[in-house]
$ cat start-v2.pdb   # PDB, C-alpha atoms and all ligand atoms
MODEL        1
ATOM      1  CA  MET A 888    -183.446 -14.512 -25.393  1.00  0.00           C
ATOM      2  CA  PRO A 889    -180.818 -17.160 -24.481  1.00  0.00           C
ATOM      3  CA  THR A 890    -181.740 -20.772 -25.145  1.00  0.00           C
ATOM      4  CA  LEU A 891    -182.807 -23.010 -22.277  1.00  0.00           C
ATOM      5  CA  PRO A 892    -179.945 -24.705 -20.435  1.00  0.00           C
ATOM      6  CA  THR A 893    -179.837 -28.479 -20.746  1.00  0.00           C
ATOM      7  CA  ASN A 894    -180.851 -29.190 -17.147  1.00  0.00           C
ATOM      8  CA  LEU A 895    -184.015 -27.093 -17.410  1.00  0.00           C
ATOM      9  CA  LEU A 896    -184.915 -28.434 -20.829  1.00  0.00           C
ATOM     10  CA  ASP A 897    -184.424 -31.987 -19.525  1.00  0.00           C
ATOM     11  CA  GLN A 898    -186.597 -31.275 -16.515  1.00  0.00           C
ATOM     12  CA  LEU A 899    -189.410 -29.903 -18.703  1.00  0.00           C
ATOM     13  CA  GLN A 900    -189.239 -32.700 -21.255  1.00  0.00           C
ATOM     14  CA  THR A 901    -188.991 -35.390 -18.574  1.00  0.00           C
ATOM     15  CA  ALA A 902    -192.009 -33.979 -16.742  1.00  0.00           C
ATOM     16  CA  LEU A 903    -194.125 -33.945 -19.928  1.00  0.00           C
ATOM     17  CA  GLN A 904    -192.982 -37.453 -20.874  1.00  0.00           C
ATOM     18  CA  ASN A 905    -193.809 -38.654 -17.371  1.00  0.00           C
ATOM     19  CA  ALA A 906    -197.352 -37.230 -17.707  1.00  0.00           C
ATOM     20  CA  ILE A 907    -197.701 -38.956 -21.108  1.00  0.00           C
ATOM     21  CA  ASP A 908    -196.365 -42.248 -19.679  1.00  0.00           C
ATOM     22  CA  HIS A 909    -198.970 -42.050 -16.911  1.00  0.00           C
ATOM     23  CA  GLU A 910    -201.610 -41.876 -19.667  1.00  0.00           C
ATOM     24  CA  LEU A 911    -203.166 -38.786 -18.184  1.00  0.00           C
ATOM     25  CA  PRO A 912    -206.035 -37.314 -20.205  1.00  0.00           C
ATOM     26  CA  GLU A 913    -204.644 -34.596 -22.529  1.00  0.00           C
ATOM     27  CA  PRO A 914    -201.234 -34.449 -20.790  1.00  0.00           C
ATOM     28  CA  ASN A 915    -200.048 -31.706 -23.155  1.00  0.00           C
ATOM     29  CA  THR A 916    -202.632 -29.093 -22.229  1.00  0.00           C
ATOM     30  CA  MET A 917    -201.567 -25.770 -20.758  1.00  0.00           C
ATOM     31  CA  THR A 918    -203.354 -22.576 -19.874  1.00  0.00           C
ATOM     32  CA  VAL A 919    -201.815 -19.477 -21.404  1.00  0.00           C
ATOM     33  CA  ALA A 920    -202.549 -15.923 -20.345  1.00  0.00           C
ATOM     34  CA  SER A 921    -201.890 -12.935 -22.554  1.00  0.00           C
ATOM     35  CA  CYS A 922    -202.569  -9.235 -22.342  1.00  0.00           C
ATOM     36  CA  GLY A 923    -203.010  -6.906 -25.299  1.00  0.00           C
ATOM     37  CA  SER A 924    -202.261  -3.212 -25.497  1.00  0.00           C
ATOM     38  CA  ASP A 925    -205.561  -2.370 -23.758  1.00  0.00           C
ATOM     39  CA  GLY A 926    -204.247  -4.043 -20.572  1.00  0.00           C
ATOM     40  CA  ARG A 927    -207.042  -6.610 -20.501  1.00  0.00           C
ATOM     41  CA  LEU A 928    -205.908 -10.119 -19.533  1.00  0.00           C
ATOM     42  CA  SER A 929    -207.239 -13.296 -21.140  1.00  0.00           C
ATOM     43  CA  ALA A 930    -206.499 -16.955 -20.489  1.00  0.00           C
ATOM     44  CA  ARG A 931    -207.325 -20.145 -22.363  1.00  0.00           C
ATOM     45  CA  THR A 932    -206.182 -23.728 -22.875  1.00  0.00           C
ATOM     46  CA  VAL A 933    -203.872 -24.704 -25.727  1.00  0.00           C
ATOM     47  CA  LEU A 934    -201.882 -27.831 -26.580  1.00  0.00           C
ATOM     48  CA  ILE A 935    -198.115 -28.069 -26.184  1.00  0.00           C
ATOM     49  CA  LYS A 936    -196.845 -29.334 -29.514  1.00  0.00           C
ATOM     50  CA  HIS A 937    -193.098 -29.177 -29.048  1.00  0.00           C
ATOM     51  CA  ILE A 938    -190.467 -28.410 -26.422  1.00  0.00           C
ATOM     52  CA  ASP A 939    -186.851 -27.693 -27.296  1.00  0.00           C
ATOM     53  CA  GLU A 940    -184.027 -25.386 -26.180  1.00  0.00           C
ATOM     54  CA  GLN A 941    -185.903 -22.426 -27.715  1.00  0.00           C
ATOM     55  CA  GLY A 942    -188.945 -23.027 -25.534  1.00  0.00           C
ATOM     56  CA  VAL A 943    -192.484 -24.388 -25.624  1.00  0.00           C
ATOM     57  CA  VAL A 944    -194.491 -24.274 -28.857  1.00  0.00           C
ATOM     58  CA  PHE A 945    -198.241 -24.126 -29.419  1.00  0.00           C
ATOM     59  CA  TYR A 946    -200.242 -23.439 -32.568  1.00  0.00           C
ATOM     60  CA  THR A 947    -203.170 -21.151 -33.087  1.00  0.00           C
ATOM     61  CA  ASN A 948    -204.946 -18.662 -35.323  1.00  0.00           C
ATOM     62  CA  LEU A 949    -202.867 -15.474 -35.458  1.00  0.00           C
ATOM     63  CA  ASN A 950    -206.047 -13.390 -35.874  1.00  0.00           C
ATOM     64  CA  SER A 951    -207.639 -14.854 -32.740  1.00  0.00           C
ATOM     65  CA  ASN A 952    -207.903 -12.850 -29.558  1.00  0.00           C
ATOM     66  CA  LYS A 953    -204.696 -14.430 -28.206  1.00  0.00           C
ATOM     67  CA  GLY A 954    -202.975 -14.055 -31.568  1.00  0.00           C
ATOM     68  CA  ARG A 955    -203.710 -10.343 -31.690  1.00  0.00           C
ATOM     69  CA  GLN A 956    -202.809  -9.811 -28.031  1.00  0.00           C
ATOM     70  CA  LEU A 957    -199.487 -11.609 -28.394  1.00  0.00           C
ATOM     71  CA  GLN A 958    -198.602  -9.574 -31.462  1.00  0.00           C
ATOM     72  CA  GLN A 959    -199.306  -6.385 -29.483  1.00  0.00           C
ATOM     73  CA  ASN A 960    -197.534  -7.611 -26.346  1.00  0.00           C
ATOM     74  CA  PRO A 961    -195.323 -10.710 -26.532  1.00  0.00           C
ATOM     75  CA  ARG A 962    -195.344 -11.355 -22.783  1.00  0.00           C
ATOM     76  CA  ILE A 963    -197.105 -14.562 -21.800  1.00  0.00           C
ATOM     77  CA  ALA A 964    -197.701 -16.667 -18.700  1.00  0.00           C
ATOM     78  CA  ALA A 965    -198.479 -20.378 -18.868  1.00  0.00           C
ATOM     79  CA  CYS A 966    -199.656 -22.959 -16.372  1.00  0.00           C
ATOM     80  CA  ILE A 967    -199.393 -26.700 -16.949  1.00  0.00           C
ATOM     81  CA  LEU A 968    -201.337 -28.796 -14.443  1.00  0.00           C
ATOM     82  CA  TRP A 969    -201.056 -32.551 -13.974  1.00  0.00           C
ATOM     83  CA  ARG A 970    -203.531 -32.935 -11.139  1.00  0.00           C
ATOM     84  CA  GLU A 971    -203.136 -36.720 -10.833  1.00  0.00           C
ATOM     85  CA  LEU A 972    -199.384 -36.292 -10.292  1.00  0.00           C
ATOM     86  CA  GLN A 973    -199.839 -33.284  -8.021  1.00  0.00           C
ATOM     87  CA  GLN A 974    -197.602 -31.341 -10.354  1.00  0.00           C
ATOM     88  CA  GLN A 975    -197.764 -27.871 -11.786  1.00  0.00           C
ATOM     89  CA  ILE A 976    -195.284 -26.047 -14.001  1.00  0.00           C
ATOM     90  CA  LEU A 977    -195.487 -22.293 -14.433  1.00  0.00           C
ATOM     91  CA  LEU A 978    -193.789 -20.419 -17.239  1.00  0.00           C
ATOM     92  CA  GLU A 979    -193.390 -16.712 -17.874  1.00  0.00           C
ATOM     93  CA  GLY A 980    -191.627 -15.199 -20.824  1.00  0.00           C
ATOM     94  CA  VAL A 981    -192.098 -13.805 -24.293  1.00  0.00           C
ATOM     95  CA  VAL A 982    -193.363 -15.430 -27.447  1.00  0.00           C
ATOM     96  CA  THR A 983    -191.602 -15.504 -30.780  1.00  0.00           C
ATOM     97  CA  ALA A 984    -193.128 -16.625 -34.053  1.00  0.00           C
ATOM     98  CA  VAL A 985    -192.476 -20.190 -35.177  1.00  0.00           C
ATOM     99  CA  SER A 986    -190.777 -20.273 -38.604  1.00  0.00           C
ATOM    100  CA  ASP A 987    -192.973 -20.790 -41.679  1.00  0.00           C
ATOM    101  CA  ALA A 988    -191.077 -24.014 -42.386  1.00  0.00           C
ATOM    102  CA  ASP A 989    -191.817 -25.429 -38.925  1.00  0.00           C
ATOM    103  CA  ALA A 990    -195.467 -24.316 -39.081  1.00  0.00           C
ATOM    104  CA  ASP A 991    -195.836 -25.897 -42.555  1.00  0.00           C
ATOM    105  CA  ALA A 992    -194.254 -29.135 -41.326  1.00  0.00           C
ATOM    106  CA  TYR A 993    -196.558 -29.363 -38.322  1.00  0.00           C
ATOM    107  CA  PHE A 994    -199.664 -28.328 -40.299  1.00  0.00           C
ATOM    108  CA  ALA A 995    -198.958 -31.132 -42.781  1.00  0.00           C
ATOM    109  CA  THR A 996    -199.203 -33.711 -39.958  1.00  0.00           C
ATOM    110  CA  ARG A 997    -202.688 -32.597 -38.903  1.00  0.00           C
ATOM    111  CA  PRO A 998    -205.800 -34.548 -39.907  1.00  0.00           C
ATOM    112  CA  ARG A 999    -207.272 -33.150 -43.125  1.00  0.00           C
ATOM    113  CA  ILE A1000    -210.496 -32.090 -41.437  1.00  0.00           C
ATOM    114  CA  SER A1001    -208.478 -30.067 -38.896  1.00  0.00           C
ATOM    115  CA  GLN A1002    -206.537 -28.465 -41.738  1.00  0.00           C
ATOM    116  CA  LEU A1003    -209.821 -27.486 -43.401  1.00  0.00           C
ATOM    117  CA  GLY A1004    -211.100 -26.271 -40.045  1.00  0.00           C
ATOM    118  CA  ALA A1005    -208.144 -23.914 -39.798  1.00  0.00           C
ATOM    119  CA  TRP A1006    -209.345 -22.283 -43.019  1.00  0.00           C
ATOM    120  CA  ALA A1007    -213.016 -22.316 -42.044  1.00  0.00           C
ATOM    121  CA  SER A1008    -212.672 -20.908 -38.531  1.00  0.00           C
ATOM    122  CA  GLN A1009    -212.188 -17.194 -38.019  1.00  0.00           C
ATOM    123  CA  GLN A1010    -211.216 -18.012 -34.458  1.00  0.00           C
ATOM    124  CA  SER A1011    -212.571 -15.573 -31.843  1.00  0.00           C
ATOM    125  CA  SER A1012    -214.705 -13.608 -34.365  1.00  0.00           C
ATOM    126  CA  THR A1013    -218.480 -13.541 -34.008  1.00  0.00           C
ATOM    127  CA  LEU A1014    -220.178 -16.553 -35.584  1.00  0.00           C
ATOM    128  CA  GLY A1015    -223.735 -15.955 -36.789  1.00  0.00           C
ATOM    129  CA  SER A1016    -224.804 -19.590 -36.562  1.00  0.00           C
ATOM    130  CA  ARG A1017    -223.410 -23.116 -36.553  1.00  0.00           C
ATOM    131  CA  ALA A1018    -224.610 -23.409 -40.148  1.00  0.00           C
ATOM    132  CA  GLU A1019    -222.280 -20.570 -41.148  1.00  0.00           C
ATOM    133  CA  LEU A1020    -219.272 -22.558 -39.863  1.00  0.00           C
ATOM    134  CA  GLU A1021    -220.455 -25.707 -41.616  1.00  0.00           C
ATOM    135  CA  GLN A1022    -220.890 -23.773 -44.865  1.00  0.00           C
ATOM    136  CA  ALA A1023    -217.370 -22.375 -44.539  1.00  0.00           C
ATOM    137  CA  LEU A1024    -216.044 -25.898 -43.968  1.00  0.00           C
ATOM    138  CA  GLN A1025    -217.927 -27.134 -47.031  1.00  0.00           C
ATOM    139  CA  HIS A1026    -216.545 -24.239 -49.083  1.00  0.00           C
ATOM    140  CA  TYR A1027    -212.926 -25.110 -48.242  1.00  0.00           C
ATOM    141  CA  THR A1028    -213.565 -28.845 -48.604  1.00  0.00           C
ATOM    142  CA  GLU A1029    -214.627 -28.170 -52.216  1.00  0.00           C
ATOM    143  CA  LYS A1030    -211.914 -25.579 -52.822  1.00  0.00           C
ATOM    144  CA  PHE A1031    -209.116 -27.981 -51.827  1.00  0.00           C
ATOM    145  CA  ALA A1032    -210.699 -31.166 -53.211  1.00  0.00           C
ATOM    146  CA  GLY A1033    -208.024 -33.465 -54.573  1.00  0.00           C
ATOM    147  CA  VAL A1034    -205.083 -31.330 -53.442  1.00  0.00           C
ATOM    148  CA  GLU A1035    -203.086 -31.006 -50.244  1.00  0.00           C
ATOM    149  CA  VAL A1036    -204.531 -28.384 -47.922  1.00  0.00           C
ATOM    150  CA  PRO A1037    -201.976 -25.561 -47.650  1.00  0.00           C
ATOM    151  CA  ARG A1038    -201.391 -23.865 -44.311  1.00  0.00           C
ATOM    152  CA  PRO A1039    -203.362 -20.620 -44.064  1.00  0.00           C
ATOM    153  CA  GLN A1040    -201.126 -17.584 -43.457  1.00  0.00           C
ATOM    154  CA  HIS A1041    -203.200 -16.765 -40.384  1.00  0.00           C
ATOM    155  CA  TRP A1042    -202.447 -20.129 -38.737  1.00  0.00           C
ATOM    156  CA  SER A1043    -199.068 -20.641 -37.125  1.00  0.00           C
ATOM    157  CA  GLY A1044    -197.245 -21.236 -33.884  1.00  0.00           C
ATOM    158  CA  PHE A1045    -195.842 -19.266 -31.000  1.00  0.00           C
ATOM    159  CA  CYS A1046    -192.785 -20.371 -29.087  1.00  0.00           C
ATOM    160  CA  ILE A1047    -192.802 -19.389 -25.412  1.00  0.00           C
ATOM    161  CA  GLN A1048    -189.242 -18.436 -24.539  1.00  0.00           C
ATOM    162  CA  PRO A1049    -189.309 -18.517 -20.758  1.00  0.00           C
ATOM    163  CA  ASP A1050    -187.484 -16.229 -18.383  1.00  0.00           C
ATOM    164  CA  MET A1051    -189.140 -17.910 -15.386  1.00  0.00           C
ATOM    165  CA  ILE A1052    -189.970 -21.568 -14.829  1.00  0.00           C
ATOM    166  CA  GLU A1053    -191.417 -22.877 -11.617  1.00  0.00           C
ATOM    167  CA  PHE A1054    -191.754 -26.564 -10.779  1.00  0.00           C
ATOM    168  CA  TRP A1055    -194.396 -27.285  -8.170  1.00  0.00           C
ATOM    169  CA  GLN A1056    -194.742 -30.678  -6.546  1.00  0.00           C
ATOM    170  CA  GLY A1057    -197.604 -31.307  -4.157  1.00  0.00           C
ATOM    171  CA  ARG A1058    -196.592 -32.778  -0.799  1.00  0.00           C
ATOM    172  CA  GLU A1059    -198.488 -33.822   2.303  1.00  0.00           C
ATOM    173  CA  PHE A1060    -200.126 -31.239   4.572  1.00  0.00           C
ATOM    174  CA  ARG A1061    -199.753 -28.559   1.893  1.00  0.00           C
ATOM    175  CA  LEU A1062    -196.012 -28.436   2.523  1.00  0.00           C
ATOM    176  CA  HIS A1063    -195.426 -28.456  -1.206  1.00  0.00           C
ATOM    177  CA  ASP A1064    -192.105 -28.111  -3.013  1.00  0.00           C
ATOM    178  CA  ARG A1065    -191.646 -25.040  -5.174  1.00  0.00           C
ATOM    179  CA  SER A1066    -188.489 -24.593  -7.160  1.00  0.00           C
ATOM    180  CA  ARG A1067    -188.285 -21.409  -9.193  1.00  0.00           C
ATOM    181  CA  TRP A1068    -185.762 -20.715 -11.948  1.00  0.00           C
ATOM    182  CA  GLU A1069    -185.258 -17.176 -13.193  1.00  0.00           C
ATOM    183  CA  LEU A1070    -183.199 -15.879 -16.069  1.00  0.00           C
ATOM    184  CA  ASP A1071    -180.927 -13.018 -15.051  1.00  0.00           C
ATOM    185  CA  ALA A1072    -181.272 -10.588 -17.949  1.00  0.00           C
ATOM    186  CA  ASP A1073    -177.830  -9.002 -17.397  1.00  0.00           C
ATOM    187  CA  SER A1074    -175.703 -12.131 -17.179  1.00  0.00           C
ATOM    188  CA  GLY A1075    -177.958 -14.404 -19.259  1.00  0.00           C
ATOM    189  CA  THR A1076    -177.648 -17.101 -16.587  1.00  0.00           C
ATOM    190  CA  TRP A1077    -180.407 -18.984 -14.789  1.00  0.00           C
ATOM    191  CA  GLN A1078    -180.619 -18.853 -10.988  1.00  0.00           C
ATOM    192  CA  SER A1079    -182.782 -21.141  -8.886  1.00  0.00           C
ATOM    193  CA  ARG A1080    -184.319 -20.690  -5.480  1.00  0.00           C
ATOM    194  CA  LEU A1081    -186.908 -22.428  -3.384  1.00  0.00           C
ATOM    195  CA  LEU A1082    -190.159 -20.689  -2.484  1.00  0.00           C
ATOM    196  CA  TYR A1083    -192.381 -21.190   0.514  1.00  0.00           C
ATOM    197  CA  PRO A1084    -195.424 -23.212  -0.553  1.00  0.00           C
TER     198      PRO A1084
HETATM  199  C1  LIG B   1    -208.108 -29.160 -24.307  1.00  0.00           C
HETATM  200  C2  LIG B   1    -208.120 -27.940 -25.206  1.00  0.00           C
HETATM  201  C3  LIG B   1    -207.078 -27.751 -26.101  1.00  0.00           C
HETATM  202  C4  LIG B   1    -207.054 -26.626 -26.930  1.00  0.00           C
HETATM  203  N1  LIG B   1    -205.985 -26.441 -27.757  1.00  0.00           N
HETATM  204  C5  LIG B   1    -205.919 -25.326 -28.516  1.00  0.00           C
HETATM  205  C6  LIG B   1    -204.754 -25.051 -29.305  1.00  0.00           C
HETATM  206  O1  LIG B   1    -203.759 -25.799 -29.297  1.00  0.00           O
HETATM  207  N2  LIG B   1    -204.758 -23.917 -30.046  1.00  0.00           N
HETATM  208  C7  LIG B   1    -205.814 -23.058 -30.061  1.00  0.00           C
HETATM  209  O2  LIG B   1    -205.753 -22.060 -30.758  1.00  0.00           O
HETATM  210  N3  LIG B   1    -206.907 -23.273 -29.312  1.00  0.00           N
HETATM  211  C8  LIG B   1    -206.988 -24.384 -28.545  1.00  0.00           C
HETATM  212  N4  LIG B   1    -208.090 -24.610 -27.748  1.00  0.00           N
HETATM  213  C9  LIG B   1    -209.188 -23.616 -27.767  1.00  0.00           C
HETATM  214  C10 LIG B   1    -208.783 -22.424 -26.887  1.00  0.00           C
HETATM  215  O3  LIG B   1    -208.908 -22.765 -25.514  1.00  0.00           O
HETATM  216  C11 LIG B   1    -209.601 -21.165 -27.190  1.00  0.00           C
HETATM  217  O4  LIG B   1    -210.979 -21.409 -27.090  1.00  0.00           O
HETATM  218  C12 LIG B   1    -209.309 -20.627 -28.589  1.00  0.00           C
HETATM  219  O5  LIG B   1    -207.943 -20.749 -28.921  1.00  0.00           O
HETATM  220  C13 LIG B   1    -209.712 -19.154 -28.696  1.00  0.00           C
HETATM  221  O6  LIG B   1    -209.002 -18.426 -27.723  1.00  0.00           O
HETATM  222  P1  LIG B   1    -208.869 -16.822 -27.781  1.00  0.00           P
HETATM  223  O7  LIG B   1    -210.203 -16.274 -28.188  1.00  0.00           O
HETATM  224  O8  LIG B   1    -208.474 -16.430 -26.409  1.00  0.00           O
HETATM  225  O9  LIG B   1    -207.800 -16.521 -28.793  1.00  0.00           O
HETATM  226  C14 LIG B   1    -208.117 -25.693 -26.888  1.00  0.00           C
HETATM  227  C15 LIG B   1    -209.157 -25.891 -25.970  1.00  0.00           C
HETATM  228  C16 LIG B   1    -209.146 -26.980 -25.139  1.00  0.00           C
HETATM  229  C17 LIG B   1    -210.272 -27.136 -24.137  1.00  0.00           C
ENDMDL
END

$ encode --input "start-v2.pdb" --output "structure tokens"
Amino acid sequence: MPTLPTNLLDQLQTALQNAIDHELPEPNTMTVASCGSDGRLSARTVLIKHIDEQGVVFYTNLNSNKGRQLQQNPRIAACILWRELQQQILLEGVVTAVSDADADAYFATRPRISQLGAWASQQSSTLGSRAELEQALQHYTEKFAGVEVPRPQHWSGFCIQPDMIEFWQGREFRLHDRSRWELDADSGTWQSRLLYP
């Protein structure tokens, strides 16, 4: 997948920075939808942790429902909503795995309790009781006492490499602006067009 052209990357980064500057609650949340080999769609919220010319990165448990689906089928759709700014950004594309080095570097910045939580949580598996989770957390707290918590192999990031990006700006009387960019697979170039609201 070609890297994002500078103008699109700038537009994405500027929009996120603008949402942060407006001190919106959780400005880096996005909804991501994935679909495993059984054809069943699922969507959930994750946090954008990084945007660069490769795409948009979020971190998760690779054994979770989304983790398994994305390993079966790398196609993903994402929706970022900044309601207060009347802005929405849609992304479609494929995910690639974040490198171990990048995942290690990000994991090391997380609060220790979150690092331990990544070990304790078998995300998306059945949990018998809250006590079971607390026991697992206690187990890993003792296991890693006095040492740095290493990143579990099952915890890493996905980078969404978009082939479609749509910028939506709300306007009066529902005459919104929609500007859609699509990657032409043959030429590797991005084309833009406006869409009716
Ligand atoms: C505001 C918010 C941020 C979240 N951020 C993440 C995240 O970055 N990574 C993650 O794995 N789950 C995150 N979650 C939890 C997911 O929405 C979801 O419950 C979890 O990842 C399991 O999803 P799955 O069973 O579809 O794999 C977040 C939830 C909320 C409400």

$ residues_around --input "start-v2.pdb" --residues "Leu977 of chain A" --least-positions-apart "4" --cutoff "10 Å" --atoms "only C-alpha atoms" --output "list in words"
Met917, Thr918, Val919, Ala964, Ala965, Cys966, Ile967, Leu968, Pro1049, Met1051, Ile1052, Glu1053, Phe1054, Trp1055 and Arg1067 of chain A

$ residues_around --input "start-v2.pdb" --residues "Glu910 of chain A" --least-positions-apart "6" --cutoff "12 Å" --atoms "all atoms listed in the file" --output "ChimeraX atom specification"
/A:903-904,969,971-972

$ residues_near_ligand --input "start-v2.pdb" --ligand "ligand LIG 1 (chain B)" --cutoff "7 Å" --atoms "all atoms listed in the file" --output "list in words"
Glu913, Thr916, Ser929, Ala930, Arg931, Thr932, Val933, Leu934, Ile935, Phe945, Tyr946, Thr947, Asn948, Ser951, Asn952, Lys953, Gly954, Gln1010 and Ser1011 of chain A

$ closest_residue --input "start-v2.pdb" --among "A:Gln1078, A:Gln956, A:Ser924, A:Gln1009" --to "Val982 of chain A" --atoms "only C-alpha atoms"
A:Gln956

$ atom_distance --input "start-v2.pdb" --atom1 "atom CA of Ala984 of chain A" --atom2 "atom CA of Pro961 of chain A"
9.8 Å

$ atom_distance --input "start-v2.pdb" --atom1 "atom CA of Val944 of chain A" --atom2 "atom CA of Ser1043 of chain A"
10.1 Å

$ resolve_selection --input "start-v2.pdb" --expression "the PyMOL selection byres (((chain A and resi 1013-1030) around 12) and not hetatm)" --output "ChimeraX atom specification"
/A:951-952,999-1012,1031-1037,1039

$ atom_distance --input "start-v2.pdb" --atom1 "atom CA of Leu978 of chain A" --atom2 "atom CA of Ser1079 of chain A"
13.8 Å

$ residues_around --input "start-v2.pdb" --residues "Asn960 of chain A" --least-positions-apart "6" --cutoff "12 Å" --atoms "only C-alpha atoms" --output "short mmCIF file (atom, residue, chain, number, x, y, z; two decimals) with C-alpha atoms, in the coordinates of the input"
data_model
loop_
_atom_site.label_atom_id
_atom_site.label_comp_id
_atom_site.auth_asym_id
_atom_site.auth_seq_id
_atom_site.Cartn_x
_atom_site.Cartn_y
_atom_site.Cartn_z
CA ALA A 920 -202.55 -15.92 -20.34
CA SER A 921 -201.89 -12.94 -22.55
CA CYS A 922 -202.57 -9.24 -22.34
CA GLY A 923 -203.01 -6.91 -25.30
CA SER A 924 -202.26 -3.21 -25.50
CA ASP A 925 -205.56 -2.37 -23.76
CA GLY A 926 -204.25 -4.04 -20.57
CA ARG A 927 -207.04 -6.61 -20.50
CA LEU A 928 -205.91 -10.12 -19.53
CA LYS A 953 -204.70 -14.43 -28.21
CA GLY A 954 -202.98 -14.06 -31.57
CA GLY A 980 -191.63 -15.20 -20.82
CA VAL A 981 -192.10 -13.80 -24.29
CA VAL A 982 -193.36 -15.43 -27.45
CA THR A 983 -191.60 -15.50 -30.78
#

$ residues_around --input "start-v2.pdb" --residues "Ile938 of chain A" --least-positions-apart "6" --cutoff "9 Å" --atoms "only C-alpha atoms" --output "CSV table (one decimal) with C-alpha atoms, in the frame of the given file"
chain,number,residue,atom,x,y,z
A,896,LEU,CA,-184.9,-28.4,-20.8
A,899,LEU,CA,-189.4,-29.9,-18.7
A,900,GLN,CA,-189.2,-32.7,-21.3
A,944,VAL,CA,-194.5,-24.3,-28.9
A,1046,CYS,CA,-192.8,-20.4,-29.1

$ closest_residue --input "start-v2.pdb" --among "A:Ala990, A:Leu957, A:Met888, A:Ala906" --to "Gln1040 of chain A" --atoms "all atoms listed in the file"
A:Ala990

$ resolve_selection --input "start-v2.pdb" --expression "the PyMOL selection byres (((chain A and resi 940) around 10) and not hetatm)" --output "list in words"
Pro889, Thr890, Leu891, Pro892, Thr893, Leu895, Leu896, Asp897, Ile938, Asp939, Gln941, Gly942, Val943 and Gln1048 of chain A

$ closest_residue --input "start-v2.pdb" --among "A:His937, A:His1063, A:Arg1038, A:His909" --to "Ala995 of chain A" --atoms "all atoms listed in the file"
A:Arg1038

$ axis_aligned_box --input "start-v2.pdb" --around "segment 1018-1037 of chain A" --padding-each-side "4 Å" --output "lines of an AutoDock Vina configuration file"
center_x = -213.3
center_y = -27.0
center_z = -47.2
size_x = 30.6
size_y = 20.9
size_z = 22.7
